[in-house]
$ cat query.txt   # compact mmCIF, N, CA and C atoms
# COMPACT_ATOMS: atom_id res chain seq x y z
N MET A 290 123.10 204.17 189.78
CA MET A 290 123.69 202.98 189.15
C MET A 290 124.71 202.36 190.09
N CYS A 291 124.81 201.06 190.01
CA CYS A 291 125.63 200.37 190.99
C CYS A 291 126.85 199.68 190.41
N GLU A 292 127.34 200.22 189.34
CA GLU A 292 128.60 199.71 188.83
C GLU A 292 129.73 200.10 189.79
N ALA A 293 130.92 199.54 189.56
CA ALA A 293 132.06 199.84 190.43
C ALA A 293 133.31 199.95 189.57
N ASN A 294 134.32 200.58 190.11
CA ASN A 294 135.60 200.62 189.42
C ASN A 294 136.46 199.44 189.88
N ALA A 295 137.16 198.85 188.92
CA ALA A 295 138.03 197.71 189.25
C ALA A 295 139.47 198.19 189.34
N TYR A 296 140.09 197.87 190.45
CA TYR A 296 141.49 198.25 190.70
C TYR A 296 142.34 197.00 190.78
N LEU A 297 143.55 197.13 190.26
CA LEU A 297 144.50 196.02 190.30
C LEU A 297 145.46 196.26 191.46
N ILE A 298 145.54 195.27 192.34
CA ILE A 298 146.45 195.38 193.47
C ILE A 298 147.86 195.08 192.98
N THR A 299 148.69 196.08 193.08
CA THR A 299 150.09 195.90 192.70
C THR A 299 150.90 196.02 193.97
N GLY A 300 152.19 196.10 193.86
CA GLY A 300 153.03 196.22 195.05
C GLY A 300 152.74 197.51 195.80
N GLU A 301 152.36 198.54 195.07
CA GLU A 301 152.17 199.84 195.72
C GLU A 301 150.69 200.21 195.79
N GLU A 302 150.33 201.35 195.26
CA GLU A 302 148.93 201.77 195.29
C GLU A 302 148.09 200.94 194.31
N PRO A 303 146.86 200.60 194.67
CA PRO A 303 145.98 199.96 193.68
C PRO A 303 145.84 200.85 192.44
N GLU A 304 145.84 200.19 191.29
CA GLU A 304 145.90 200.89 190.01
C GLU A 304 144.56 200.67 189.30
N LEU A 305 143.98 201.73 188.78
CA LEU A 305 142.68 201.60 188.11
C LEU A 305 142.82 200.70 186.88
N PHE A 306 142.00 199.66 186.82
CA PHE A 306 142.06 198.72 185.70
C PHE A 306 140.90 198.95 184.74
N MET A 307 139.71 199.19 185.27
CA MET A 307 138.55 199.43 184.41
C MET A 307 137.48 200.17 185.20
N GLU A 308 136.84 201.13 184.56
CA GLU A 308 135.79 201.91 185.20
C GLU A 308 134.42 201.32 184.89
N ALA A 309 133.47 201.60 185.78
CA ALA A 309 132.05 201.32 185.54
C ALA A 309 131.79 199.85 185.19
N VAL A 310 132.36 198.96 185.99
CA VAL A 310 132.21 197.52 185.75
C VAL A 310 130.83 197.08 186.22
N ASP A 311 130.16 196.32 185.36
CA ASP A 311 128.88 195.72 185.72
C ASP A 311 129.07 194.25 186.04
N VAL A 312 129.63 193.50 185.06
CA VAL A 312 129.72 192.05 185.19
C VAL A 312 131.18 191.58 185.22
N ILE A 313 131.44 190.61 186.09
CA ILE A 313 132.73 189.90 186.06
C ILE A 313 132.41 188.41 186.03
N GLU A 314 132.99 187.72 185.06
CA GLU A 314 132.75 186.28 184.92
C GLU A 314 134.06 185.56 184.73
N PRO A 315 134.13 184.32 185.22
CA PRO A 315 135.34 183.54 184.98
C PRO A 315 135.45 183.18 183.51
N GLU A 316 136.65 183.21 182.97
CA GLU A 316 136.88 182.83 181.58
C GLU A 316 138.27 182.24 181.49
N LYS A 317 138.36 181.02 180.99
CA LYS A 317 139.64 180.32 180.91
C LYS A 317 140.41 180.45 182.23
N ASP A 318 141.63 180.94 182.17
CA ASP A 318 142.42 181.05 183.39
C ASP A 318 142.39 182.49 183.95
N GLY A 319 141.26 183.16 183.77
CA GLY A 319 141.18 184.53 184.28
C GLY A 319 139.75 185.00 184.36
N LEU A 320 139.59 186.30 184.24
CA LEU A 320 138.27 186.91 184.38
C LEU A 320 137.97 187.81 183.20
N LYS A 321 136.71 187.82 182.79
CA LYS A 321 136.23 188.77 181.80
C LYS A 321 135.44 189.85 182.53
N LEU A 322 135.80 191.10 182.30
CA LEU A 322 135.07 192.22 182.90
C LEU A 322 134.27 192.91 181.81
N VAL A 323 133.03 193.26 182.12
CA VAL A 323 132.18 193.97 181.16
C VAL A 323 131.67 195.24 181.85
N SER A 324 131.88 196.38 181.20
CA SER A 324 131.42 197.64 181.79
C SER A 324 129.97 197.90 181.42
N ILE A 325 129.38 198.92 182.05
CA ILE A 325 128.00 199.29 181.73
C ILE A 325 127.88 199.82 180.30
N PHE A 326 129.02 200.15 179.69
CA PHE A 326 129.02 200.62 178.30
C PHE A 326 129.22 199.47 177.31
N GLY A 327 129.35 198.26 177.82
CA GLY A 327 129.53 197.11 176.96
C GLY A 327 130.97 196.81 176.60
N GLU A 328 131.91 197.62 177.09
CA GLU A 328 133.32 197.34 176.86
C GLU A 328 133.72 196.08 177.62
N GLN A 329 134.68 195.35 177.05
CA GLN A 329 135.14 194.13 177.72
C GLN A 329 136.64 194.17 177.91
N LYS A 330 137.09 193.62 179.03
CA LYS A 330 138.53 193.47 179.26
C LYS A 330 138.76 192.13 179.92
N PHE A 331 139.92 191.56 179.65
CA PHE A 331 140.29 190.27 180.24
C PHE A 331 141.48 190.47 181.16
N ILE A 332 141.48 189.78 182.28
CA ILE A 332 142.66 189.79 183.14
C ILE A 332 142.94 188.37 183.60
N ARG A 333 144.21 188.02 183.59
CA ARG A 333 144.61 186.72 184.10
C ARG A 333 144.76 186.89 185.61
N GLY A 334 143.67 186.73 186.30
CA GLY A 334 143.71 186.96 187.74
C GLY A 334 142.40 186.60 188.39
N GLN A 335 142.22 187.10 189.59
CA GLN A 335 141.02 186.76 190.36
C GLN A 335 140.55 187.98 191.14
N ILE A 336 139.34 187.89 191.68
CA ILE A 336 138.81 188.96 192.52
C ILE A 336 139.42 188.81 193.91
N HIS A 337 140.06 189.86 194.38
CA HIS A 337 140.66 189.84 195.71
C HIS A 337 139.63 190.24 196.77
N SER A 338 138.95 191.36 196.55
CA SER A 338 137.99 191.85 197.54
C SER A 338 137.03 192.84 196.90
N LEU A 339 135.97 193.16 197.64
CA LEU A 339 134.95 194.10 197.17
C LEU A 339 134.63 195.10 198.27
N SER A 340 134.30 196.30 197.85
CA SER A 340 133.78 197.29 198.78
C SER A 340 132.72 198.05 197.98
N LEU A 341 131.50 197.51 198.00
CA LEU A 341 130.49 197.95 197.04
C LEU A 341 129.94 199.34 197.32
N ILE A 342 129.79 199.68 198.58
CA ILE A 342 129.28 201.03 198.90
C ILE A 342 130.27 202.08 198.40
N ASP A 343 131.55 201.72 198.42
CA ASP A 343 132.60 202.59 197.86
C ASP A 343 132.79 202.40 196.36
N HIS A 344 132.02 201.51 195.74
CA HIS A 344 132.11 201.25 194.30
C HIS A 344 133.50 200.76 193.90
N LYS A 345 134.05 199.86 194.70
CA LYS A 345 135.40 199.37 194.41
C LYS A 345 135.47 197.85 194.37
N ILE A 346 136.15 197.38 193.33
CA ILE A 346 136.47 195.96 193.18
C ILE A 346 137.98 195.88 193.12
N TYR A 347 138.58 194.98 193.90
CA TYR A 347 140.03 194.82 193.84
C TYR A 347 140.37 193.48 193.19
N LEU A 348 141.24 193.54 192.22
CA LEU A 348 141.66 192.35 191.48
C LEU A 348 143.13 192.08 191.76
N GLN A 349 143.49 190.83 191.61
CA GLN A 349 144.87 190.41 191.83
C GLN A 349 145.29 189.55 190.64
N GLU A 350 146.41 189.87 190.05
CA GLU A 350 146.89 189.06 188.94
C GLU A 350 147.38 187.71 189.42
N THR A 351 147.18 186.69 188.60
CA THR A 351 147.68 185.36 188.91
C THR A 351 149.19 185.39 188.78
N SER A 352 149.85 184.84 189.80
CA SER A 352 151.32 184.82 189.73
C SER A 352 151.76 183.65 188.85
N ASP A 353 152.98 183.72 188.38
CA ASP A 353 153.47 182.70 187.46
C ASP A 353 154.27 181.61 188.17
N ASP A 354 154.00 181.46 189.48
CA ASP A 354 154.73 180.42 190.24
C ASP A 354 154.36 179.04 189.72
N MET B 191 121.59 202.88 197.25
CA MET B 191 122.66 202.09 197.88
C MET B 191 123.10 200.98 196.94
N CYS B 192 124.36 200.64 197.03
CA CYS B 192 124.90 199.73 196.04
C CYS B 192 125.36 198.40 196.62
N GLU B 193 124.74 198.01 197.68
CA GLU B 193 125.01 196.68 198.19
C GLU B 193 124.43 195.64 197.23
N ALA B 194 124.80 194.38 197.45
CA ALA B 194 124.31 193.30 196.58
C ALA B 194 124.00 192.08 197.44
N ASN B 195 123.18 191.20 196.89
CA ASN B 195 122.93 189.94 197.58
C ASN B 195 123.93 188.90 197.12
N ALA B 196 124.41 188.10 198.07
CA ALA B 196 125.38 187.05 197.74
C ALA B 196 124.67 185.71 197.64
N TYR B 197 124.88 185.03 196.53
CA TYR B 197 124.27 183.73 196.28
C TYR B 197 125.37 182.68 196.19
N LEU B 198 125.03 181.51 196.71
CA LEU B 198 125.96 180.40 196.66
C LEU B 198 125.57 179.50 195.50
N ILE B 199 126.54 179.25 194.62
CA ILE B 199 126.28 178.37 193.49
C ILE B 199 126.32 176.94 193.98
N THR B 200 125.20 176.28 193.86
CA THR B 200 125.14 174.87 194.24
C THR B 200 124.88 174.09 192.96
N GLY B 201 124.57 172.82 193.09
CA GLY B 201 124.32 172.02 191.89
C GLY B 201 123.12 172.53 191.13
N GLU B 202 122.13 173.08 191.86
CA GLU B 202 120.89 173.49 191.20
C GLU B 202 120.78 175.01 191.14
N GLU B 203 119.73 175.56 191.67
CA GLU B 203 119.54 177.02 191.66
C GLU B 203 120.50 177.70 192.65
N PRO B 204 121.03 178.87 192.29
CA PRO B 204 121.82 179.60 193.27
C PRO B 204 120.98 179.89 194.52
N GLU B 205 121.63 179.78 195.67
CA GLU B 205 120.94 179.83 196.96
C GLU B 205 121.38 181.12 197.67
N LEU B 206 120.43 181.88 198.19
CA LEU B 206 120.78 183.12 198.88
C LEU B 206 121.65 182.82 200.09
N PHE B 207 122.82 183.45 200.14
CA PHE B 207 123.74 183.23 201.27
C PHE B 207 123.70 184.40 202.24
N MET B 208 123.66 185.62 201.69
CA MET B 208 123.63 186.81 202.57
C MET B 208 123.07 188.00 201.78
N GLU B 209 122.22 188.78 202.43
CA GLU B 209 121.64 189.96 201.79
C GLU B 209 122.46 191.20 202.10
N ALA B 210 122.34 192.19 201.22
CA ALA B 210 122.87 193.54 201.48
C ALA B 210 124.36 193.54 201.82
N VAL B 211 125.13 192.82 201.01
CA VAL B 211 126.58 192.74 201.25
C VAL B 211 127.25 194.03 200.78
N ASP B 212 128.11 194.54 201.63
CA ASP B 212 128.92 195.71 201.29
C ASP B 212 130.35 195.27 200.96
N VAL B 213 130.98 194.59 201.93
CA VAL B 213 132.40 194.26 201.81
C VAL B 213 132.61 192.75 201.77
N ILE B 214 133.51 192.32 200.89
CA ILE B 214 134.00 190.94 200.92
C ILE B 214 135.52 191.00 200.94
N GLU B 215 136.10 190.31 201.90
CA GLU B 215 137.57 190.30 202.04
C GLU B 215 138.06 188.88 202.23
N PRO B 216 139.26 188.61 201.73
CA PRO B 216 139.82 187.28 201.97
C PRO B 216 140.16 187.11 203.45
N GLU B 217 139.93 185.93 203.96
CA GLU B 217 140.27 185.65 205.36
C GLU B 217 140.62 184.18 205.45
N LYS B 218 141.80 183.88 205.95
CA LYS B 218 142.30 182.50 206.03
C LYS B 218 142.03 181.78 204.71
N ASP B 219 141.33 180.65 204.76
CA ASP B 219 141.08 179.89 203.53
C ASP B 219 139.68 180.15 202.98
N GLY B 220 139.20 181.38 203.16
CA GLY B 220 137.87 181.69 202.66
C GLY B 220 137.65 183.18 202.57
N LEU B 221 136.38 183.57 202.70
CA LEU B 221 136.01 184.97 202.56
C LEU B 221 135.17 185.42 203.75
N LYS B 222 135.38 186.66 204.16
CA LYS B 222 134.52 187.28 205.17
C LYS B 222 133.60 188.25 204.45
N LEU B 223 132.31 188.11 204.66
CA LEU B 223 131.32 189.02 204.07
C LEU B 223 130.78 189.93 205.17
N VAL B 224 130.64 191.20 204.87
CA VAL B 224 130.08 192.15 205.83
C VAL B 224 128.92 192.87 205.15
N SER B 225 127.77 192.86 205.81
CA SER B 225 126.59 193.52 205.21
C SER B 225 126.58 195.00 205.58
N ILE B 226 125.68 195.74 204.95
CA ILE B 226 125.56 197.17 205.28
C ILE B 226 125.04 197.37 206.70
N PHE B 227 124.53 196.31 207.33
CA PHE B 227 124.07 196.40 208.72
C PHE B 227 125.16 196.00 209.70
N GLY B 228 126.34 195.65 209.17
CA GLY B 228 127.46 195.28 210.03
C GLY B 228 127.49 193.81 210.39
N GLU B 229 126.54 193.03 209.90
CA GLU B 229 126.58 191.58 210.13
C GLU B 229 127.76 190.97 209.38
N GLN B 230 128.33 189.91 209.92
CA GLN B 230 129.45 189.25 209.26
C GLN B 230 129.15 187.77 209.07
N LYS B 231 129.61 187.25 207.94
CA LYS B 231 129.51 185.81 207.70
C LYS B 231 130.80 185.35 207.03
N PHE B 232 131.15 184.11 207.31
CA PHE B 232 132.36 183.53 206.71
C PHE B 232 131.95 182.39 205.79
N ILE B 233 132.65 182.27 204.67
CA ILE B 233 132.43 181.12 203.80
C ILE B 233 133.78 180.61 203.33
N ARG B 234 133.92 179.29 203.34
CA ARG B 234 135.13 178.68 202.83
C ARG B 234 134.94 178.56 201.32
N GLY B 235 135.28 179.63 200.62
CA GLY B 235 135.04 179.62 199.19
C GLY B 235 135.63 180.85 198.55
N GLN B 236 135.15 181.12 197.34
CA GLN B 236 135.68 182.24 196.59
C GLN B 236 134.56 182.91 195.80
N ILE B 237 134.87 184.10 195.28
CA ILE B 237 133.89 184.80 194.45
C ILE B 237 133.93 184.19 193.05
N HIS B 238 132.79 183.74 192.58
CA HIS B 238 132.71 183.15 191.25
C HIS B 238 132.48 184.22 190.19
N SER B 239 131.50 185.08 190.41
CA SER B 239 131.18 186.11 189.43
C SER B 239 130.36 187.22 190.08
N LEU B 240 130.21 188.32 189.34
CA LEU B 240 129.46 189.49 189.82
C LEU B 240 128.52 189.97 188.74
N SER B 241 127.39 190.50 189.15
CA SER B 241 126.49 191.19 188.23
C SER B 241 125.93 192.36 189.03
N LEU B 242 126.67 193.47 189.01
CA LEU B 242 126.42 194.53 189.98
C LEU B 242 125.14 195.31 189.71
N ILE B 243 124.83 195.51 188.44
CA ILE B 243 123.59 196.24 188.13
C ILE B 243 122.37 195.44 188.62
N ASP B 244 122.52 194.13 188.62
CA ASP B 244 121.48 193.24 189.17
C ASP B 244 121.63 193.02 190.68
N HIS B 245 122.65 193.62 191.27
CA HIS B 245 122.90 193.49 192.73
C HIS B 245 123.16 192.04 193.12
N LYS B 246 123.94 191.35 192.30
CA LYS B 246 124.20 189.94 192.60
C LYS B 246 125.68 189.61 192.63
N ILE B 247 126.04 188.85 193.66
CA ILE B 247 127.39 188.30 193.79
C ILE B 247 127.21 186.79 193.86
N TYR B 248 127.98 186.06 193.09
CA TYR B 248 127.90 184.60 193.14
C TYR B 248 129.17 184.04 193.78
N LEU B 249 128.95 183.19 194.76
CA LEU B 249 130.05 182.57 195.50
C LEU B 249 130.08 181.08 195.20
N GLN B 250 131.25 180.52 195.34
CA GLN B 250 131.43 179.09 195.12
C GLN B 250 132.21 178.52 196.30
N GLU B 251 131.71 177.46 196.88
CA GLU B 251 132.43 176.86 198.00
C GLU B 251 133.68 176.15 197.49
N THR B 252 134.71 176.18 198.33
CA THR B 252 135.95 175.47 198.00
C THR B 252 135.69 173.98 198.12
N SER B 253 136.11 173.24 197.11
CA SER B 253 135.91 171.79 197.18
C SER B 253 137.00 171.17 198.04
N ASP B 254 136.74 169.98 198.51
CA ASP B 254 137.69 169.32 199.42
C ASP B 254 138.65 168.39 198.69
N ASP B 255 138.84 168.63 197.42
CA ASP B 255 139.74 167.76 196.64
C ASP B 255 141.18 167.92 197.13

$ encode --input "query.txt" --output "structure tokens"
Amino acid sequence: MCEANAYLITGEEPELFMEAVDVIEPEKDGLKLVSIFGEQKFIRGQIHSLSLIDHKIYLQETSDD
Amino acid sequence: MCEANAYLITGEEPELFMEAVDVIEPEKDGLKLVSIFGEQKFIRGQIHSLSLIDHKIYLQETSDD
């Protein structure tokens, strides 16, 4: 299976945000993540980078500037 | 292997931009894509959405507004 874990880039170590992500879609001012189990999570942010062979997605929260 | 094909969202059907993508990283005002074969491509755009079980990444070019 080719799902990936989504990590949130914070000031320090990337923090696990959601496991086994299948789909990420834009929604309003952020992203909707859907796992292979059908769970959904929303983040006000964007995709920073991908490393698919490592099963990693990096997300970045939208700043309030 | 968990690479995916990157498609560019255009007005009509999504258009294949790069096959077998492993890594996508931000670079200057766009993205650098690296395939599992080590090929690199640059696009002035962003990641629109992902569908990893389908091995699909959708990209959107940055508009010149």

$ atom_distance --input "query.txt" --atom1 "atom CA of A:His344" --atom2 "atom N of A:Asn294"
4.8 Å

$ closest_atom_pairs --input "query.txt" --of "chain A" --to "stretch 225-232 of chain B" --cutoff "12 Å" --atoms "only C-alpha atoms" --output "CSV"
residue,atom,partner,partner_atom,distance
A:Leu339,CA,B:Ser225,CA,11.6
A:Ser340,CA,B:Ser225,CA,10.4
A:Leu341,CA,B:Ile226,CA,9.6
A:Ile342,CA,B:Ile226,CA,8.3
A:Asp343,CA,B:Ile226,CA,11.6

$ write_last_selection --input "query.txt" --atoms "N, CA and C atoms" --output "PDB file, in the frame of the given file"
ATOM      1  N   LEU A 339     135.970 193.160 197.640  1.00  0.00           N
ATOM      2  CA  LEU A 339     134.950 194.100 197.170  1.00  0.00           C
ATOM      3  C   LEU A 339     134.630 195.100 198.270  1.00  0.00           C
ATOM      4  N   SER A 340     134.300 196.300 197.850  1.00  0.00           N
ATOM      5  CA  SER A 340     133.780 197.290 198.780  1.00  0.00           C
ATOM      6  C   SER A 340     132.720 198.050 197.980  1.00  0.00           C
ATOM      7  N   LEU A 341     131.500 197.510 198.000  1.00  0.00           N
ATOM      8  CA  LEU A 341     130.490 197.950 197.040  1.00  0.00           C
ATOM      9  C   LEU A 341     129.940 199.340 197.320  1.00  0.00           C
ATOM     10  N   ILE A 342     129.790 199.680 198.580  1.00  0.00           N
ATOM     11  CA  ILE A 342     129.280 201.030 198.900  1.00  0.00           C
ATOM     12  C   ILE A 342     130.270 202.080 198.400  1.00  0.00           C
ATOM     13  N   ASP A 343     131.550 201.720 198.420  1.00  0.00           N
ATOM     14  CA  ASP A 343     132.600 202.590 197.860  1.00  0.00           C
ATOM     15  C   ASP A 343     132.790 202.400 196.360  1.00  0.00           C
TER      16      ASP A 343
END

$ residues_around --input "query.txt" --residues "A:Leu305" --least-positions-apart "4" --cutoff "7 Å" --atoms "only C-alpha atoms" --output "ChimeraX atom specification"
/A:295-297

$ closest_atom_pairs --input "query.txt" --of "chain B" --to "chain A" --cutoff "7 Å" --atoms "all atoms listed in the file" --output "tab-separated table"
residue	atom	partner	partner_atom	distance
B:Met191	C	A:Ile342	CA	6.5
B:Cys192	C	A:Leu341	C	4.7
B:Glu193	N	A:Leu341	C	5.4
B:Ala194	N	A:Leu341	CA	6.7
B:Val211	C	A:Leu341	N	6.2
B:Asp212	C	A:Leu341	N	3.9
B:Val213	CA	A:Leu339	C	4.3
B:Ile214	C	A:Leu339	N	4.0
B:Glu215	CA	A:Ser338	CA	4.8
B:Pro216	N	A:His337	C	5.2
B:Ile237	N	A:Ile336	C	6.7
B:His238	C	A:Pro315	N	5.2
B:Ser239	CA	A:Ile313	C	4.3
B:Leu240	N	A:Ile313	C	4.0
B:Ser241	CA	A:Val312	CA	4.5
B:Leu242	N	A:Asp311	C	3.9
B:Ile243	N	A:Asp311	CA	4.9

$ atom_distance --input "query.txt" --atom1 "atom CA of B:Gly235" --atom2 "atom CA of B:Gly220"
4.9 Å

$ select_by_dssp --input "query.txt" --residues "chain B" --states "strand (DSSP E)" --output "PyMOL selection string"
chain B and resi 194-198+205-217+220-225+230-233+235-241+246-251

$ atom_distance --input "query.txt" --atom1 "atom C of B:Asp219" --atom2 "atom CA of B:Arg234"
4.8 Å

$ residues_around --input "query.txt" --residues "A:Ile298" --least-positions-apart "3" --cutoff "5 Å" --atoms "all atoms listed in the file" --output "PyMOL selection string"
chain A and resi 303+348-349

$ write_last_selection --input "query.txt" --atoms "N, CA and C atoms" --output "mmCIF file, in the frame of the given file"
data_model
loop_
_atom_site.group_PDB
_atom_site.id
_atom_site.type_symbol
_atom_site.label_atom_id
_atom_site.label_comp_id
_atom_site.auth_asym_id
_atom_site.auth_seq_id
_atom_site.Cartn_x
_atom_site.Cartn_y
_atom_site.Cartn_z
ATOM 1 N N PRO A 303 146.860 200.600 194.670
ATOM 2 C CA PRO A 303 145.980 199.960 193.680
ATOM 3 C C PRO A 303 145.840 200.850 192.440
ATOM 4 N N LEU A 348 141.240 193.540 192.220
ATOM 5 C CA LEU A 348 141.660 192.350 191.480
ATOM 6 C C LEU A 348 143.130 192.080 191.760
ATOM 7 N N GLN A 349 143.490 190.830 191.610
ATOM 8 C CA GLN A 349 144.870 190.410 191.830
ATOM 9 C C GLN A 349 145.290 189.550 190.640
#
